[in-house]
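Student: Structure: work.cif, mmCIF, C-alpha atoms.
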data_run
loop_
_atom_site.group_PDB
_atom_site.id
_atom_site.type_symbol
_atom_site.label_atom_id
_atom_site.label_comp_id
_atom_site.auth_asym_id
_atom_site.auth_seq_id
_atom_site.Cartn_x
_atom_site.Cartn_y
_atom_site.Cartn_z
ATOM 1 C CA MET A 1 0.000 0.000 0.000
ATOM 2 C CA ALA A 2 1.216 3.500 -0.808
ATOM 3 C CA ASP A 3 2.602 5.638 2.002
ATOM 4 C CA ILE A 4 0.488 8.706 1.264
ATOM 5 C CA GLY A 5 2.144 10.865 3.915
ATOM 6 C CA GLU A 6 5.598 10.198 2.476
ATOM 7 C CA PHE A 7 4.327 10.850 -1.029
ATOM 8 C CA ARG A 8 2.779 14.192 -0.041
ATOM 9 C CA GLU A 9 6.016 15.269 1.627
ATOM 10 C CA ALA A 10 8.049 14.307 -1.440
ATOM 11 C CA VAL A 11 5.702 16.268 -3.717
ATOM 12 C CA ALA A 12 5.888 19.313 -1.430
ATOM 13 C CA ARG A 13 9.688 19.232 -1.554
ATOM 14 C CA ALA A 14 9.720 18.964 -5.341
ATOM 15 C CA VAL A 15 7.167 21.767 -5.781
ATOM 16 C CA ALA A 16 9.178 23.998 -3.431
ATOM 17 C CA GLY A 17 12.148 23.759 -5.762
ATOM 18 C CA GLY A 18 13.835 20.519 -4.849
ATOM 19 C CA ASP A 19 15.350 18.289 -7.501
ATOM 20 C CA GLY A 20 12.601 15.718 -7.156
ATOM 21 C CA SER A 21 14.934 13.037 -5.876
ATOM 22 C CA GLY A 22 12.975 10.381 -4.058
ATOM 23 C CA LEU A 23 9.675 11.389 -5.644
ATOM 24 C CA ALA A 24 9.423 8.340 -7.878
ATOM 25 C CA GLU A 25 10.269 6.070 -4.956
ATOM 26 C CA ALA A 26 7.671 7.765 -2.737
ATOM 27 C CA ALA A 27 5.089 7.327 -5.500
ATOM 28 C CA ARG A 28 5.386 3.549 -5.411
ATOM 29 C CA GLY A 29 1.854 2.199 -5.074
ATOM 30 C CA VAL A 30 0.232 5.499 -6.092
ATOM 31 C CA ARG A 31 -1.817 5.219 -9.273
ATOM 32 C CA GLY A 32 -3.768 8.455 -9.172
ATOM 33 C CA VAL A 33 -3.880 11.910 -7.590
ATOM 34 C CA VAL A 34 -6.834 14.177 -6.828
ATOM 35 C CA LEU A 35 -5.633 17.780 -6.965
ATOM 36 C CA VAL A 36 -7.554 20.037 -4.566
ATOM 37 C CA GLU A 37 -7.011 23.677 -3.740
ATOM 38 C CA GLY A 38 -6.549 23.621 0.014
ATOM 39 C CA PRO A 39 -6.645 21.753 3.320
ATOM 40 C CA SER A 40 -10.392 22.168 3.891
ATOM 41 C CA ASP A 41 -11.069 20.262 0.658
ATOM 42 C CA LEU A 42 -8.621 17.572 1.756
ATOM 43 C CA ALA A 43 -10.274 17.291 5.175
ATOM 44 C CA ALA A 44 -13.704 16.969 3.581
ATOM 45 C CA LEU A 45 -12.658 14.250 1.165
ATOM 46 C CA GLU A 46 -10.860 12.269 3.848
ATOM 47 C CA ALA A 47 -13.894 12.447 6.146
ATOM 48 C CA LEU A 48 -16.292 11.508 3.381
ATOM 49 C CA THR A 49 -14.323 8.542 2.092
ATOM 50 C CA GLY A 50 -13.936 7.321 5.658
ATOM 51 C CA ARG A 51 -17.702 7.560 6.141
ATOM 52 C CA LEU A 52 -18.223 5.591 2.940
ATOM 53 C CA GLY A 53 -15.795 2.908 4.076
ATOM 54 C CA ARG A 54 -13.262 3.605 1.344
ATOM 55 C CA ASP A 55 -9.530 3.529 1.941
ATOM 56 C CA LEU A 56 -8.049 5.678 -0.803
ATOM 57 C CA ALA A 57 -4.481 4.858 0.201
ATOM 58 C CA ALA A 58 -5.229 1.165 -0.266
ATOM 59 C CA GLU A 59 -6.741 2.037 -3.647
ATOM 60 C CA GLY A 60 -3.546 3.873 -4.608
ATOM 61 C CA VAL A 61 -5.198 7.297 -4.672
ATOM 62 C CA CYS A 62 -3.758 10.398 -3.008
ATOM 63 C CA VAL A 63 -5.788 13.548 -2.367
ATOM 64 C CA LEU A 64 -3.257 16.351 -2.582
ATOM 65 C CA SER A 65 -3.764 19.877 -1.218
ATOM 66 C CA MET A 66 -1.825 22.281 -3.454
ATOM 67 C CA GLY A 67 -2.078 25.512 -1.468
ATOM 68 C CA GLY A 68 -4.145 27.264 -4.131
ATOM 69 C CA ALA A 69 -5.266 26.706 -7.708
ATOM 70 C CA MET A 70 -2.353 28.766 -9.045
ATOM 71 C CA ASN A 71 -0.111 25.803 -8.188
ATOM 72 C CA VAL A 72 -1.943 23.285 -10.347
ATOM 73 C CA GLY A 73 0.433 23.677 -13.304
ATOM 74 C CA ARG A 74 3.494 22.717 -11.292
ATOM 75 C CA HIS A 75 1.732 19.741 -9.746
ATOM 76 C CA ALA A 76 0.323 18.534 -13.057
ATOM 77 C CA GLY A 77 3.758 18.720 -14.655
ATOM 78 C CA LEU A 78 5.382 16.738 -11.860
ATOM 79 C CA LEU A 79 2.699 14.108 -11.455
ATOM 80 C CA GLY A 80 1.035 13.790 -14.869
ATOM 81 C CA PRO A 81 2.403 12.547 -18.220
ATOM 82 C CA PRO A 82 5.475 14.836 -18.264
ATOM 83 C CA GLY A 83 6.538 13.479 -14.843
ATOM 84 C CA LEU A 84 5.372 10.385 -13.012
ATOM 85 C CA GLY A 85 2.563 9.577 -15.430
ATOM 86 C CA LEU A 86 -0.092 9.264 -12.736
ATOM 87 C CA ARG A 87 -3.798 9.638 -13.451
ATOM 88 C CA LEU A 88 -4.889 13.143 -12.458
ATOM 89 C CA THR A 89 -8.320 14.337 -11.394
ATOM 90 C CA GLY A 90 -9.309 17.576 -9.727
ATOM 91 C CA LEU A 91 -11.889 19.192 -7.468
ATOM 92 C CA CYS A 92 -12.138 22.975 -7.588
ATOM 93 C CA ASP A 93 -14.368 26.037 -7.391
ATOM 94 C CA GLU A 94 -16.024 27.287 -10.569
ATOM 95 C CA ARG A 95 -13.831 30.396 -10.707
ATOM 96 C CA GLU A 96 -10.694 28.234 -10.599
ATOM 97 C CA ARG A 97 -11.772 25.851 -13.383
ATOM 98 C CA PRO A 98 -9.741 27.647 -16.117
ATOM 99 C CA PHE A 99 -6.493 27.163 -14.149
ATOM 100 C CA TYR A 100 -7.145 23.426 -13.916
ATOM 101 C CA ASP A 101 -8.167 23.048 -17.543
ATOM 102 C CA ARG A 102 -5.116 24.877 -18.873
ATOM 103 C CA ALA A 103 -2.683 23.087 -16.586
ATOM 104 C CA LEU A 104 -4.013 19.606 -17.294
ATOM 105 C CA GLU A 105 -4.134 20.296 -21.026
ATOM 106 C CA ARG A 106 -0.508 21.464 -21.015
ATOM 107 C CA ALA A 107 0.455 18.355 -19.061
ATOM 108 C CA GLY A 108 -1.287 16.132 -21.583
ATOM 109 C CA ALA A 109 -3.599 14.644 -18.960
ATOM 110 C CA SER A 110 -6.174 12.635 -20.870
ATOM 111 C CA GLY A 111 -9.810 13.366 -20.153
ATOM 112 C CA ARG A 112 -9.004 16.339 -17.936
ATOM 113 C CA GLU A 113 -11.427 15.148 -15.275
ATOM 114 C CA VAL A 114 -12.153 18.201 -13.150
ATOM 115 C CA PHE A 115 -15.196 18.238 -10.877
ATOM 116 C CA VAL A 116 -16.488 21.706 -10.131
ATOM 117 C CA CYS A 117 -18.226 23.244 -7.113
ATOM 118 C CA VAL A 118 -20.260 26.357 -7.872
ATOM 119 C CA LYS A 119 -18.866 28.774 -5.284
ATOM 120 C CA ASP A 120 -16.831 26.375 -3.186
ATOM 121 C CA LEU A 121 -17.045 22.999 -1.492
ATOM 122 C CA GLU A 122 -18.439 24.518 1.707
ATOM 123 C CA GLU A 123 -21.442 25.818 -0.188
ATOM 124 C CA GLU A 124 -22.044 22.363 -1.658
ATOM 125 C CA LEU A 125 -21.883 20.759 1.790
ATOM 126 C CA ILE A 126 -24.200 23.344 3.374
ATOM 127 C CA ARG A 127 -26.724 22.941 0.571
ATOM 128 C CA ALA A 128 -26.687 19.155 0.876
ATOM 129 C CA LEU A 129 -27.067 19.151 4.662
ATOM 130 C CA GLY A 130 -29.343 22.163 5.056
ATOM 131 C CA VAL A 131 -28.585 25.124 7.295
ATOM 132 C CA GLY A 132 -30.523 23.601 10.201
ATOM 133 C CA ARG A 133 -28.325 20.495 10.270
ATOM 134 C CA VAL A 134 -25.182 22.605 9.942
ATOM 135 C CA GLU A 135 -26.352 24.718 12.905
ATOM 136 C CA GLU A 136 -26.633 21.530 14.947
ATOM 137 C CA ILE A 137 -23.026 20.734 14.111
ATOM 138 C CA VAL A 138 -21.972 24.302 14.947
ATOM 139 C CA GLU A 139 -23.778 24.000 18.284
ATOM 140 C CA ALA A 140 -22.084 20.674 19.023
ATOM 141 C CA GLU A 141 -18.751 22.422 18.433
ATOM 142 C CA GLY A 142 -19.646 25.122 20.976
ATOM 143 C CA GLU A 143 -19.939 27.898 18.404
ATOM 144 C CA LEU A 144 -23.652 28.599 18.336
ATOM 145 C CA THR A 145 -23.235 31.959 20.124
ATOM 146 C CA PRO A 146 -20.560 33.237 17.686
ATOM 147 C CA TRP A 147 -22.758 32.065 14.798
ATOM 148 C CA ARG A 148 -25.807 33.934 16.083
ATOM 149 C CA THR A 149 -23.723 37.045 16.738
ATOM 150 C CA PHE A 150 -22.394 36.821 13.189
ATOM 151 C CA THR A 151 -25.885 36.627 11.682
ATOM 152 C CA ARG A 152 -26.865 39.885 13.420
ATOM 153 C CA GLN A 153 -24.063 41.869 11.817
ATOM 154 C CA PRO A 154 -25.327 44.569 9.412
ATOM 155 C CA ALA A 155 -23.209 43.155 6.580
ATOM 156 C CA GLN A 156 -25.144 39.877 6.755
ATOM 157 C CA ARG A 157 -28.561 41.429 6.262
ATOM 158 C CA GLY A 158 -30.179 40.416 3.007
ATOM 159 C CA ARG A 159 -27.957 37.383 2.519
ATOM 160 C CA SER A 160 -29.467 33.930 2.361
ATOM 161 C CA PRO A 161 -28.998 31.611 5.379
ATOM 162 C CA GLN A 162 -26.764 29.392 3.240
ATOM 163 C CA ASP A 163 -24.538 32.282 2.221
ATOM 164 C CA ARG A 164 -24.298 33.550 5.821
ATOM 165 C CA MET A 165 -23.246 30.110 7.007
ATOM 166 C CA ARG A 166 -20.679 29.805 4.222
ATOM 167 C CA ARG A 167 -19.195 33.167 5.167
ATOM 168 C CA PHE A 168 -19.210 32.274 8.864
ATOM 169 C CA LEU A 169 -17.107 29.179 8.203
ATOM 170 C CA GLY A 170 -14.441 31.370 6.648
ATOM 171 C CA THR A 171 -14.220 33.981 9.417
ATOM 172 C CA LYS A 172 -11.749 32.234 11.731
ATOM 173 C CA LYS A 173 -8.425 30.609 10.919
ATOM 174 C CA GLY A 174 -8.749 26.849 10.806
ATOM 175 C CA ARG A 175 -12.541 26.857 10.926
ATOM 176 C CA LYS A 176 -13.023 25.866 7.283
ATOM 177 C CA ILE A 177 -10.663 22.934 7.697
ATOM 178 C CA ARG A 178 -12.395 21.701 10.842
ATOM 179 C CA TYR A 179 -15.890 22.059 9.454
ATOM 180 C CA GLY A 180 -14.898 20.658 6.080
ATOM 181 C CA GLY A 181 -14.332 17.332 7.787
ATOM 182 C CA LEU A 182 -17.319 17.629 10.124
ATOM 183 C CA LEU A 183 -19.825 18.517 7.422
ATOM 184 C CA ALA A 184 -18.593 15.927 4.968
ATOM 185 C CA GLY A 185 -18.674 13.306 7.691
ATOM 186 C CA ALA A 186 -22.318 14.141 8.386
ATOM 187 C CA LEU A 187 -23.509 13.706 4.784
ATOM 188 C CA ASP A 188 -26.104 11.130 3.871
ATOM 189 C CA PRO A 189 -24.208 8.828 1.462
ATOM 190 C CA ALA A 190 -27.331 8.687 -0.726
ATOM 191 C CA LEU A 191 -27.471 12.485 -1.052
ATOM 192 C CA LEU A 192 -23.933 13.550 -1.871
ATOM 193 C CA PRO A 193 -23.314 16.896 -3.592
ATOM 194 C CA GLY A 194 -22.981 16.388 -7.339
ATOM 195 C CA PRO A 195 -19.260 17.208 -7.673
ATOM 196 C CA LEU A 196 -18.301 14.867 -4.809
ATOM 197 C CA ASP A 197 -20.523 12.067 -6.067
ATOM 198 C CA ALA A 198 -19.088 12.359 -9.576
ATOM 199 C CA LEU A 199 -15.500 12.516 -8.336
ATOM 200 C CA LEU A 200 -15.799 9.502 -6.072
ATOM 201 C CA GLY A 201 -17.490 7.584 -8.855
ATOM 202 C CA ARG A 202 -14.408 8.068 -11.021
ATOM 203 C CA LEU A 203 -11.805 7.040 -8.467
#
Go through the file and emit its structure as structure tokens.
Tutor:
Amino acid sequence: MADIGEFREAVARAVAGGDGSGLAEAARGVRGVVLVEGPSDLAALEALTGRLGRDLAAEGVCVLSMGGAMNVGRHAGLLGPPGLGLRLTGLCDERERPFYDRALERAGASGREVFVCVKDLEEELIRALGVGRVEEIVEAEGELTPWRTFTRQPAQRGRSPQDRMRRFLGTKKGRKIRYGGLLAGALDPALLPGPLDALLGRL
């Protein structure tokens, strides 16, 4: 089975300007990579696959947080046909789709399988769960009072409950990562957001 932690570390070193030594060795057992923008996407996918009883490492699949869509070209070059020749897929926000498409096309990645959230993954999760269920999770995390205070701010007037919740999750460092995992772990497997359902169906 692939050592996903070792592989991620080797990729990070190569992307940061290393010579890539050890990358091929670390990739032993890896057959495919899901390129995601950041750690909240990674947390959500790990929680969801765990809930579904899937072990991506055992399947030879690594979900890789790139630190922003602007880094997709470097990752695609290292990991796709010009580099290790791994199968590449992606999960991104609608506004970042062009970065993925261009990078995967330049890398010669066949099919260019990119699964797109409208605004972001948090919005997809909130829509699938419903704001009421998300509030229950927020309450269980001891943050119901900050959430209610947030909703009373003048800037939030006129926004939909879904949009307020989405913005709330991004107001504190680390909150999106934590709730990415919590919300994904609470999903009904029969009612997955479209982009997640499509992505998991292709892995």
Student: Tell me, counting all atoms listed in the file, for each residue of range 39-74 of chain A within 12 Å of range 172-190 of chain A, which pair of atoms is nearest and how far apart they are in Å to one decimal, in rows ordered by chain and increasing number, as CSV.
Tutor:
residue,atom,partner,partner_atom,distance
A:Pro39,CA,A:Ile177,CA,6.1
A:Ser40,CA,A:Ile177,CA,3.9
A:Asp41,CA,A:Gly180,CA,6.6
A:Leu42,CA,A:Gly180,CA,8.2
A:Ala43,CA,A:Gly181,CA,4.8
A:Ala44,CA,A:Gly181,CA,4.3
A:Leu45,CA,A:Ala184,CA,7.2
A:Glu46,CA,A:Gly181,CA,7.3
A:Ala47,CA,A:Gly185,CA,5.1
A:Leu48,CA,A:Ala184,CA,5.2
A:Thr49,CA,A:Gly185,CA,8.5
A:Gly50,CA,A:Gly185,CA,7.9
A:Arg51,CA,A:Gly185,CA,6.0
A:Leu52,CA,A:Pro189,CA,7.0
A:Gly53,CA,A:Pro189,CA,10.6
A:Ser65,CA,A:Ile177,CA,11.7
Student: For each of A:Gly201, A:Pro193, A:Gly20, A:Gly67, take the minimum atom-to-atom distance to Leu129 in chain A, counting only C-alpha atoms, then give the residue where this is smallest.
Tutor: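 Closest residue, counting only C-alpha atoms: A:Pro193.
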Student: For the file shown, report as a ChimeraX atom specification the outcome of the PyMOL selection byres ((chain A and resi 31) around 9) at residue level.
Tutor: /A:27-30,32-33,59-62,85-87
Student: Looking at A:Gly22, A:Gly80, A:Leu88, A:Phe168, which one is nearest to Thr145 in chain A, with distances taken over only C-alpha atoms?
Tutor: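 When distances to Thr145 in chain A are compared using only C-alpha atoms, the smallest one comes from A:Phe168.
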Student: For a quick check of your reading of the model, name the residues lying within 12 Å of the coordinate (-22.5, 33.2, 13.9), counting all atoms listed in the file, and write them as a ChimeraX atom specification.
Tutor: /A:134-135,138-139,142-153,156,161,163-172
Student: What lies within 12 Å of range 71-77 of chain A using all atoms listed in the file, ignoring chain neighbours under 6 positions off, as a PDB file with C-alpha atoms, in the coordinates of the input?
Tutor:
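Contents of the output file result_4.pdb:
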ATOM      1  CA  ARG A   8       2.779  14.192  -0.041  1.00  0.00           C
ATOM      2  CA  ALA A  10       8.049  14.307  -1.440  1.00  0.00           C
ATOM      3  CA  VAL A  11       5.702  16.268  -3.717  1.00  0.00           C
ATOM      4  CA  ALA A  12       5.888  19.313  -1.430  1.00  0.00           C
ATOM      5  CA  ARG A  13       9.688  19.232  -1.554  1.00  0.00           C
ATOM      6  CA  ALA A  14       9.720  18.964  -5.341  1.00  0.00           C
ATOM      7  CA  VAL A  15       7.167  21.767  -5.781  1.00  0.00           C
ATOM      8  CA  ALA A  16       9.178  23.998  -3.431  1.00  0.00           C
ATOM      9  CA  GLY A  17      12.148  23.759  -5.762  1.00  0.00           C
ATOM     10  CA  GLY A  20      12.601  15.718  -7.156  1.00  0.00           C
ATOM     11  CA  GLY A  32      -3.768   8.455  -9.172  1.00  0.00           C
ATOM     12  CA  VAL A  33      -3.880  11.910  -7.590  1.00  0.00           C
ATOM     13  CA  VAL A  34      -6.834  14.177  -6.828  1.00  0.00           C
ATOM     14  CA  LEU A  35      -5.633  17.780  -6.965  1.00  0.00           C
ATOM     15  CA  VAL A  36      -7.554  20.037  -4.566  1.00  0.00           C
ATOM     16  CA  GLU A  37      -7.011  23.677  -3.740  1.00  0.00           C
ATOM     17  CA  GLY A  38      -6.549  23.621   0.014  1.00  0.00           C
ATOM     18  CA  LEU A  64      -3.257  16.351  -2.582  1.00  0.00           C
ATOM     19  CA  SER A  65      -3.764  19.877  -1.218  1.00  0.00           C
ATOM     20  CA  GLY A  83       6.538  13.479 -14.843  1.00  0.00           C
ATOM     21  CA  LEU A  84       5.372  10.385 -13.012  1.00  0.00           C
ATOM     22  CA  GLY A  85       2.563   9.577 -15.430  1.00  0.00           C
ATOM     23  CA  LEU A  86      -0.092   9.264 -12.736  1.00  0.00           C
ATOM     24  CA  ARG A  87      -3.798   9.638 -13.451  1.00  0.00           C
ATOM     25  CA  LEU A  88      -4.889  13.143 -12.458  1.00  0.00           C
ATOM     26  CA  THR A  89      -8.320  14.337 -11.394  1.00  0.00           C
ATOM     27  CA  GLY A  90      -9.309  17.576  -9.727  1.00  0.00           C
ATOM     28  CA  LEU A  91     -11.889  19.192  -7.468  1.00  0.00           C
ATOM     29  CA  CYS A  92     -12.138  22.975  -7.588  1.00  0.00           C
ATOM     30  CA  GLU A  96     -10.694  28.234 -10.599  1.00  0.00           C
ATOM     31  CA  ARG A  97     -11.772  25.851 -13.383  1.00  0.00           C
ATOM     32  CA  PRO A  98      -9.741  27.647 -16.117  1.00  0.00           C
ATOM     33  CA  PHE A  99      -6.493  27.163 -14.149  1.00  0.00           C
ATOM     34  CA  TYR A 100      -7.145  23.426 -13.916  1.00  0.00           C
ATOM     35  CA  ASP A 101      -8.167  23.048 -17.543  1.00  0.00           C
ATOM     36  CA  ARG A 102      -5.116  24.877 -18.873  1.00  0.00           C
ATOM     37  CA  ALA A 103      -2.683  23.087 -16.586  1.00  0.00           C
ATOM     38  CA  LEU A 104      -4.013  19.606 -17.294  1.00  0.00           C
ATOM     39  CA  GLU A 105      -4.134  20.296 -21.026  1.00  0.00           C
ATOM     40  CA  ARG A 106      -0.508  21.464 -21.015  1.00  0.00           C
ATOM     41  CA  ALA A 107       0.455  18.355 -19.061  1.00  0.00           C
ATOM     42  CA  GLY A 108      -1.287  16.132 -21.583  1.00  0.00           C
ATOM     43  CA  ALA A 109      -3.599  14.644 -18.960  1.00  0.00           C
ATOM     44  CA  SER A 110      -6.174  12.635 -20.870  1.00  0.00           C
ATOM     45  CA  ARG A 112      -9.004  16.339 -17.936  1.00  0.00           C
ATOM     46  CA  VAL A 114     -12.153  18.201 -13.150  1.00  0.00           C
TER      47      VAL A 114
END
Student: State, in Å with one decimal place, the distance from CA of Leu203 in chain A to CA of Pro82 in chain A.
Tutor: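 About the pair CA of Leu203 in chain A and CA of Pro82 in chain A: they are 21.3 Å apart.
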Student: Counting all atoms listed in the file, which residue out of A:Leu125, A:Val131, A:Ala24, A:Ala57 sits closest to Leu78 in chain A?
Tutor: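 Ranking A:Leu125, A:Val131, A:Ala24, A:Ala57 by distance to Leu78 in chain A, first place goes to A:Ala24.
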Student: Expressed in Å to a single decimal, how great is the separation between CA of Ile137 in chain A and CA of Leu200 in chain A?
Tutor: 24.2 Å
Student: Check the smallest atom-to-atom distance from each of A:Ala58, A:Met66, A:Val116, A:Ala26 to Gly5 in chain A using only C-alpha atoms, then report the winner.
Tutor: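 Nearest to Gly5 in chain A: A:Ala26.
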